[in-house]
$ cat upload-v9.pdb   # PDB, C-alpha atoms
ATOM      1  CA  ASN A 746       7.855  -6.951   7.854
ATOM      2  CA  THR A 747       5.559  -4.309   6.382
ATOM      3  CA  VAL A 748       4.220  -3.496   9.852
ATOM      4  CA  THR A 749       7.758  -3.139  11.201
ATOM      5  CA  LEU A 750       8.602  -0.953   8.182
ATOM      6  CA  VAL A 751       5.758   1.475   8.867
ATOM      7  CA  GLU A 752       6.542   1.464  12.592
ATOM      8  CA  ALA A 753      10.188   2.279  11.743
ATOM      9  CA  LEU A 754       9.017   5.127   9.495
ATOM     10  CA  ILE A 755       6.842   6.459  12.327
ATOM     11  CA  ASP A 756       9.786   6.289  14.724
ATOM     12  CA  HIS A 757      12.030   8.031  12.199
ATOM     13  CA  PHE A 758       9.665  10.927  11.547
ATOM     14  CA  ARG A 759       8.985  11.363  15.275
ATOM     15  CA  ALA A 760      12.735  11.515  15.942
ATOM     16  CA  THR A 761      13.488  13.739  12.937
ATOM     17  CA  PRO A 762      10.360  15.826  12.310
ATOM     18  CA  GLU A 763      12.335  18.040   9.927
ATOM     19  CA  ASP A 764      12.207  15.121   7.476
ATOM     20  CA  VAL A 765       8.497  15.835   7.065
ATOM     21  CA  LEU A 766       8.910  18.650   4.587
ATOM     22  CA  ALA A 767       7.070  21.950   5.048
ATOM     23  CA  GLY A 768       3.659  21.702   3.434
ATOM     24  CA  ILE A 769       3.480  17.909   3.806
ATOM     25  CA  ARG A 770       1.491  15.855   6.278
ATOM     26  CA  LEU A 771       2.286  12.160   6.579
ATOM     27  CA  LEU A 772      -0.223   9.706   7.995
ATOM     28  CA  LEU A 773       1.179   6.249   8.579
ATOM     29  CA  ILE A 774      -1.045   3.286   9.411
ATOM     30  CA  PRO A 775       0.985   0.192  10.386
ATOM     31  CA  ALA A 776      -1.774  -2.368   9.758
ATOM     32  CA  ALA A 777      -5.197  -2.368   8.159
ATOM     33  CA  ASN A 778      -5.967  -5.961   9.158
ATOM     34  CA  PRO A 779      -5.488  -6.469  12.900
ATOM     35  CA  ASP A 780      -7.182  -9.888  12.721
ATOM     36  CA  GLY A 781      -4.568 -11.183  10.297
ATOM     37  CA  LEU A 782      -1.489  -9.903  12.155
ATOM     38  CA  PRO A 783      -1.059 -12.869  14.520
ATOM     39  CA  HIS A 784      -0.986 -15.239  11.535
ATOM     40  CA  GLY A 785       1.910 -13.555   9.716
ATOM     41  CA  ARG A 786       2.678 -14.253   6.081
ATOM     42  CA  THR A 787       0.187 -17.066   5.569
ATOM     43  CA  ALA A 788      -3.112 -17.309   3.754
ATOM     44  CA  GLN A 789      -4.873 -16.862   7.101
ATOM     45  CA  GLY A 790      -2.781 -13.735   7.723
ATOM     46  CA  ARG A 791      -4.487 -12.092   4.741
ATOM     47  CA  MET A 792      -7.967 -12.706   6.142
ATOM     48  CA  ASN A 793      -9.980 -10.755   8.653
ATOM     49  CA  ALA A 794     -12.133 -12.429  11.328
ATOM     50  CA  ASN A 795     -14.819 -13.042   8.665
ATOM     51  CA  GLY A 796     -12.380 -14.991   6.478
ATOM     52  CA  VAL A 797     -12.268 -12.258   3.817
ATOM     53  CA  ASP A 798      -9.064 -11.243   2.022
ATOM     54  CA  LEU A 799      -9.206  -7.499   2.594
ATOM     55  CA  ASN A 800      -7.014  -6.708  -0.403
ATOM     56  CA  ARG A 801      -9.632  -8.269  -2.670
ATOM     57  CA  ASN A 802     -12.554  -6.389  -1.076
ATOM     58  CA  TRP A 803     -12.143  -2.946  -2.681
ATOM     59  CA  GLY A 804     -14.501  -1.376  -5.225
ATOM     60  CA  CYS A 805     -12.431  -0.999  -8.387
ATOM     61  CA  GLY A 806     -12.099  -4.351 -10.103
ATOM     62  CA  TRP A 807     -13.879  -6.268  -7.332
ATOM     63  CA  SER A 808     -14.841  -9.773  -8.408
ATOM     64  CA  PRO A 809     -16.885 -12.464  -6.643
ATOM     65  CA  GLU A 810     -14.009 -14.842  -7.375
ATOM     66  CA  ALA A 811     -10.496 -13.991  -6.224
ATOM     67  CA  VAL A 812      -7.128 -15.624  -5.653
ATOM     68  CA  TRP A 813      -3.971 -15.113  -3.651
ATOM     69  CA  ARG A 814      -1.158 -16.773  -5.520
ATOM     70  CA  ARG A 815      -3.056 -19.761  -6.933
ATOM     71  CA  THR A 816      -5.328 -20.227  -3.926
ATOM     72  CA  PRO A 817      -8.962 -19.125  -4.098
ATOM     73  CA  VAL A 818      -9.791 -16.578  -1.385
ATOM     74  CA  SER A 819     -12.985 -14.891  -0.314
ATOM     75  CA  PRO A 820     -13.276 -11.308  -1.592
ATOM     76  CA  GLY A 821     -16.390 -10.810   0.566
ATOM     77  CA  THR A 822     -20.024 -10.817  -0.483
ATOM     78  CA  ASN A 823     -19.499  -7.534  -2.328
ATOM     79  CA  ALA A 824     -17.001  -4.696  -2.509
ATOM     80  CA  PHE A 825     -16.623  -3.005   0.866
ATOM     81  CA  SER A 826     -18.522  -5.758   2.678
ATOM     82  CA  GLU A 827     -15.917  -5.674   5.442
ATOM     83  CA  PRO A 828     -15.644  -3.070   8.205
ATOM     84  CA  GLU A 829     -11.889  -2.657   7.715
ATOM     85  CA  THR A 830     -12.058  -1.768   4.012
ATOM     86  CA  LEU A 831     -15.146   0.360   4.522
ATOM     87  CA  ALA A 832     -13.442   2.329   7.318
ATOM     88  CA  LEU A 833     -10.208   2.847   5.379
ATOM     89  CA  ALA A 834     -12.103   3.860   2.221
ATOM     90  CA  SER A 835     -14.153   6.387   4.234
ATOM     91  CA  PHE A 836     -10.950   7.729   5.766
ATOM     92  CA  LEU A 837      -9.325   8.125   2.330
ATOM     93  CA  ARG A 838     -12.445   9.757   0.857
ATOM     94  CA  GLU A 839     -12.552  12.260   3.703
ATOM     95  CA  LEU A 840      -8.813  12.939   3.804
ATOM     96  CA  ARG A 841      -8.234  13.055   0.013
ATOM     97  CA  PRO A 842      -4.457  12.453   0.210
ATOM     98  CA  ALA A 843      -2.282  13.284  -2.772
ATOM     99  CA  ILE A 844      -0.677   9.832  -2.541
ATOM    100  CA  ALA A 845      -1.540   6.543  -0.840
ATOM    101  CA  LEU A 846       0.995   3.732  -0.555
ATOM    102  CA  PHE A 847       0.064   0.210   0.468
ATOM    103  CA  TYR A 848       3.003  -1.901   1.645
ATOM    104  CA  HIS A 849       3.104  -5.637   0.903
ATOM    105  CA  SER A 850       5.777  -8.309   0.591
ATOM    106  CA  ALA A 851       7.542  -9.890  -1.217
ATOM    107  CA  ALA A 852       7.008  -9.378  -4.951
ATOM    108  CA  ALA A 853       9.758  -6.751  -5.257
ATOM    109  CA  GLY A 854       8.177  -3.944  -7.206
ATOM    110  CA  ILE A 855       6.069  -0.828  -7.449
ATOM    111  CA  TYR A 856       2.627  -1.705  -8.794
ATOM    112  CA  ILE A 857       0.470   1.338  -9.376
ATOM    113  CA  GLY A 858      -3.271   1.581  -9.000
ATOM    114  CA  ASP A 859      -4.974   1.048 -12.329
ATOM    115  CA  CYS A 860      -8.500   2.389 -12.235
ATOM    116  CA  GLY A 861      -8.161   5.338 -14.607
ATOM    117  CA  GLY A 862      -6.551   7.749 -12.150
ATOM    118  CA  PRO A 863      -3.237   9.565 -11.673
ATOM    119  CA  SER A 864      -1.050   6.775 -10.260
ATOM    120  CA  GLU A 865       1.328   6.467 -13.195
ATOM    121  CA  SER A 866       2.835   9.809 -12.204
ATOM    122  CA  ILE A 867       4.404   8.424  -9.007
ATOM    123  CA  ALA A 868       5.817   5.131 -10.317
ATOM    124  CA  GLU A 869       9.080   6.478 -11.663
ATOM    125  CA  VAL A 870       9.747   8.774  -8.702
ATOM    126  CA  LEU A 871       9.119   6.001  -6.196
ATOM    127  CA  GLY A 872      10.852   3.306  -8.226
ATOM    128  CA  GLU A 873      13.991   5.356  -8.814
ATOM    129  CA  ALA A 874      14.253   6.320  -5.146
ATOM    130  CA  THR A 875      13.676   2.823  -3.761
ATOM    131  CA  GLY A 876      15.361   0.766  -6.438
ATOM    132  CA  TYR A 877      12.302  -1.470  -6.774
ATOM    133  CA  PRO A 878      11.329  -2.399 -10.321
ATOM    134  CA  HIS A 879       8.495  -0.243 -11.638
ATOM    135  CA  GLY A 880       6.603   0.511 -14.816
ATOM    136  CA  ARG A 881       5.087  -2.921 -15.300
ATOM    137  CA  ALA A 882       1.874  -4.544 -14.191
ATOM    138  CA  PHE A 883       1.801  -7.239 -11.543
ATOM    139  CA  SER A 884       1.672 -10.518 -13.449
ATOM    140  CA  ALA A 885       2.423 -13.315 -10.952
ATOM    141  CA  TYR A 886      -1.300 -14.094 -10.684
ATOM    142  CA  PRO A 887      -4.584 -12.244 -11.303
ATOM    143  CA  VAL A 888      -5.548  -9.691  -8.686
ATOM    144  CA  SER A 889      -8.895  -7.990  -8.198
ATOM    145  CA  GLY A 890     -10.412  -5.454  -5.852
ATOM    146  CA  THR A 891      -7.156  -3.948  -4.548
ATOM    147  CA  ALA A 892      -6.834  -0.853  -2.379
ATOM    148  CA  ALA A 893      -4.346   0.815  -4.721
ATOM    149  CA  SER A 894      -6.640   0.450  -7.724
ATOM    150  CA  TRP A 895      -9.644   1.757  -5.819
ATOM    151  CA  ALA A 896      -7.672   4.768  -4.534
ATOM    152  CA  ASP A 897      -6.463   5.460  -8.080
ATOM    153  CA  GLY A 898     -10.077   5.517  -9.247
ATOM    154  CA  GLN A 899     -10.783   8.112  -6.571
ATOM    155  CA  GLY A 900      -8.127  10.393  -8.064
ATOM    156  CA  ILE A 901      -5.492   9.495  -5.463
ATOM    157  CA  ALA A 902      -2.104   8.536  -6.892
ATOM    158  CA  SER A 903      -1.497   5.140  -5.342
ATOM    159  CA  ALA A 904       0.702   2.085  -5.454
ATOM    160  CA  ASP A 905       1.284  -1.257  -3.867
ATOM    161  CA  VAL A 906       4.891  -1.186  -2.740
ATOM    162  CA  GLU A 907       6.007  -4.808  -2.700
ATOM    163  CA  LEU A 908       9.092  -5.279  -0.554
ATOM    164  CA  GLN A 909      11.733  -7.618  -1.897
ATOM    165  CA  SER A 910      12.046  -9.603   1.322
ATOM    166  CA  SER A 911       9.373 -11.337   3.351
ATOM    167  CA  THR A 912      11.337 -10.713   6.558
ATOM    168  CA  ALA A 913      13.465  -7.523   6.330
ATOM    169  CA  ASN A 914      11.673  -4.188   6.610
ATOM    170  CA  GLU A 915      13.852  -2.493   3.954
ATOM    171  CA  PHE A 916      13.623   0.752   5.884
ATOM    172  CA  GLU A 917      16.357   2.784   4.187
ATOM    173  CA  ARG A 918      15.126   2.308   0.643
ATOM    174  CA  ASN A 919      11.531   3.002   1.635
ATOM    175  CA  LEU A 920      12.529   6.109   3.577
ATOM    176  CA  ARG A 921      14.235   7.304   0.374
ATOM    177  CA  GLY A 922      10.943   6.667  -1.430
ATOM    178  CA  VAL A 923       8.873   8.688   1.033
ATOM    179  CA  MET A 924      11.415  11.529   0.952
ATOM    180  CA  ALA A 925      11.446  11.527  -2.870
ATOM    181  CA  LEU A 926       7.653  11.616  -3.066
ATOM    182  CA  GLN A 927       7.537  14.550  -0.636
ATOM    183  CA  ALA A 928      10.033  16.471  -2.775
ATOM    184  CA  TRP A 929       8.117  15.557  -5.932
ATOM    185  CA  LEU A 930       4.842  16.798  -4.443
ATOM    186  CA  LEU A 931       6.543  20.082  -3.557
ATOM    187  CA  GLU A 932       8.377  20.147  -6.903
ATOM    188  CA  LEU A 933      11.758  20.303  -5.192
ATOM    189  CA  PRO A 934      14.971  18.992  -6.743
ATOM    190  CA  ALA A 935      15.744  15.391  -5.838
ATOM    191  CA  THR A 936      18.443  14.931  -3.203
TER     192      THR A 936
END
$ encode --input "upload-v9.pdb" --output "structure tokens"
Amino acid sequence: NTVTLVEALIDHFRATPEDVLAGIRLLLIPAANPDGLPHGRTAQGRMNANGVDLNRNWGCGWSPEAVWRRTPVSPGTNAFSEPETLALASFLRELRPAIALFYHSAAAGIYIGDCGGPSESIAEVLGEATGYPHGRAFSAYPVSGTAASWADGQGIASADVELQSSTANEFERNLRGVMALQAWLLELPAT
């Protein structure tokens, strides 16, 4: 459902380019793990072709032991051991976006990057616009080596946006979130 969400956002902004506010550039990547896509919302769907959970393979907080829910997963031999995380990290370093959002499902919340960077500043804006709970740490199970935390450590305000559903793309509320963040970046009044 996160892939269909991002694809719906792409379709929306192509059809209504005026919703990309002047001074803003949106880059939307539907999937960072093409190997996992055919497996859907399963443990195997989190892994790349090397059997590595890509959202445990990032530099900030990387650990040689990692879990998804209560299941041990491979975080890779070291941070950025996988071509997918290495490529996306290089892209983010080169691009230096003001904000990076990583869509997941279905823990229903905004969970900011926590590696000493600026991510706290976007939590309220995004949470209020989407209606997802925000302002608390993810506590369902321990996480390590996440993309949002790494991006935060790079000075990029970032968050894992956890959809409420594991099937619905929750387009409208996430469109409101993207629109609110654009306005916030431009310091415009909320609409």
$ closest_residue --input "upload-v9.pdb" --among "A:Ser864, A:Ser889, A:Ser826, A:Asn793" --to "Gly781 of chain A" --atoms "all atoms listed in the file"
A:Asn793
$ closest_residue --input "upload-v9.pdb" --among "A:Gly804, A:Pro828, A:Glu873, A:Gly821" --to "Ala896 of chain A" --atoms "all atoms listed in the file"
A:Gly804
$ closest_residue --input "upload-v9.pdb" --among "A:Glu915, A:Asp798, A:Asp756, A:Asp859" --to "Glu827 of chain A" --atoms "all atoms listed in the file"
A:Asp798
$ residues_around --input "upload-v9.pdb" --residues "Ala834 of chain A" --least-positions-apart "4" --cutoff "10 Å" --atoms "all atoms listed in the file" --output "JSON, numbers by chain"
{"A": [803, 804, 825, 828, 829, 830, 838, 839, 840, 892, 895, 896, 899]}
$ write_last_selection --input "upload-v9.pdb" --atoms "C-alpha atoms" --output "compact mmCIF listing (two decimals), in the frame of the given file"
# COMPACT_ATOMS: atom_id res chain seq x y z
CA TRP A 803 -12.14 -2.95 -2.68
CA GLY A 804 -14.50 -1.38 -5.22
CA PHE A 825 -16.62 -3.00 0.87
CA PRO A 828 -15.64 -3.07 8.20
CA GLU A 829 -11.89 -2.66 7.72
CA THR A 830 -12.06 -1.77 4.01
CA ARG A 838 -12.44 9.76 0.86
CA GLU A 839 -12.55 12.26 3.70
CA LEU A 840 -8.81 12.94 3.80
CA ALA A 892 -6.83 -0.85 -2.38
CA TRP A 895 -9.64 1.76 -5.82
CA ALA A 896 -7.67 4.77 -4.53
CA GLN A 899 -10.78 8.11 -6.57
$ resolve_selection --input "upload-v9.pdb" --expression "the PyMOL selection byres ((chain A and resi 875-878) around 7)" --output "list in words"
Ala853, Gly854, Ile855, Leu871, Gly872, Glu873, Ala874, His879, Arg918, Asn919, Arg921 and Gly922 of chain A
$ closest_residue --input "upload-v9.pdb" --among "A:Ile774, A:Ala902, A:Leu837, A:Leu933" --to "Val751 of chain A" --atoms "only C-alpha atoms"
A:Ile774
$ resolve_selection --input "upload-v9.pdb" --expression "the PyMOL selection byres ((chain A and resi 914) around 6)" --output "PyMOL selection string"
chain A and resi 746+750+913+915-916
$ build_atoms --input "upload-v9.pdb" --residues "segment 917-928 of chain A" --atoms "N, CA, C and O atoms" --output "compact mmCIF listing (two decimals), in the coordinates of the input"
# COMPACT_ATOMS: atom_id res chain seq x y z
N GLU A 917 15.61 1.72 4.85
CA GLU A 917 16.36 2.78 4.19
C GLU A 917 15.83 3.08 2.79
O GLU A 917 15.62 4.25 2.43
N ARG A 918 15.59 2.05 2.01
CA ARG A 918 15.13 2.31 0.64
C ARG A 918 13.71 2.87 0.64
O ARG A 918 13.36 3.70 -0.21
N ASN A 919 12.89 2.47 1.59
CA ASN A 919 11.53 3.00 1.64
C ASN A 919 11.49 4.40 2.22
O ASN A 919 10.64 5.21 1.82
N LEU A 920 12.40 4.73 3.13
CA LEU A 920 12.53 6.11 3.58
C LEU A 920 12.92 6.99 2.39
O LEU A 920 12.35 8.08 2.21
N ARG A 921 13.87 6.54 1.58
CA ARG A 921 14.24 7.30 0.37
C ARG A 921 13.01 7.53 -0.51
O ARG A 921 12.84 8.61 -1.09
N GLY A 922 12.15 6.53 -0.62
CA GLY A 922 10.94 6.67 -1.43
C GLY A 922 10.00 7.72 -0.88
O GLY A 922 9.48 8.56 -1.63
N VAL A 923 9.76 7.69 0.41
CA VAL A 923 8.87 8.69 1.03
C VAL A 923 9.47 10.09 0.89
O VAL A 923 8.75 11.05 0.56
N MET A 924 10.77 10.22 1.10
CA MET A 924 11.42 11.53 0.95
C MET A 924 11.31 12.02 -0.49
O MET A 924 11.04 13.21 -0.74
N ALA A 925 11.52 11.13 -1.46
CA ALA A 925 11.45 11.53 -2.87
C ALA A 925 10.03 11.95 -3.26
O ALA A 925 9.84 12.92 -4.00
N LEU A 926 9.03 11.24 -2.75
CA LEU A 926 7.65 11.62 -3.07
C LEU A 926 7.29 12.96 -2.45
O LEU A 926 6.57 13.75 -3.07
N GLN A 927 7.78 13.23 -1.23
CA GLN A 927 7.54 14.55 -0.64
C GLN A 927 8.12 15.65 -1.52
O GLN A 927 7.45 16.65 -1.81
N ALA A 928 9.38 15.47 -1.93
CA ALA A 928 10.03 16.47 -2.78
C ALA A 928 9.29 16.62 -4.10
O ALA A 928 9.10 17.75 -4.59
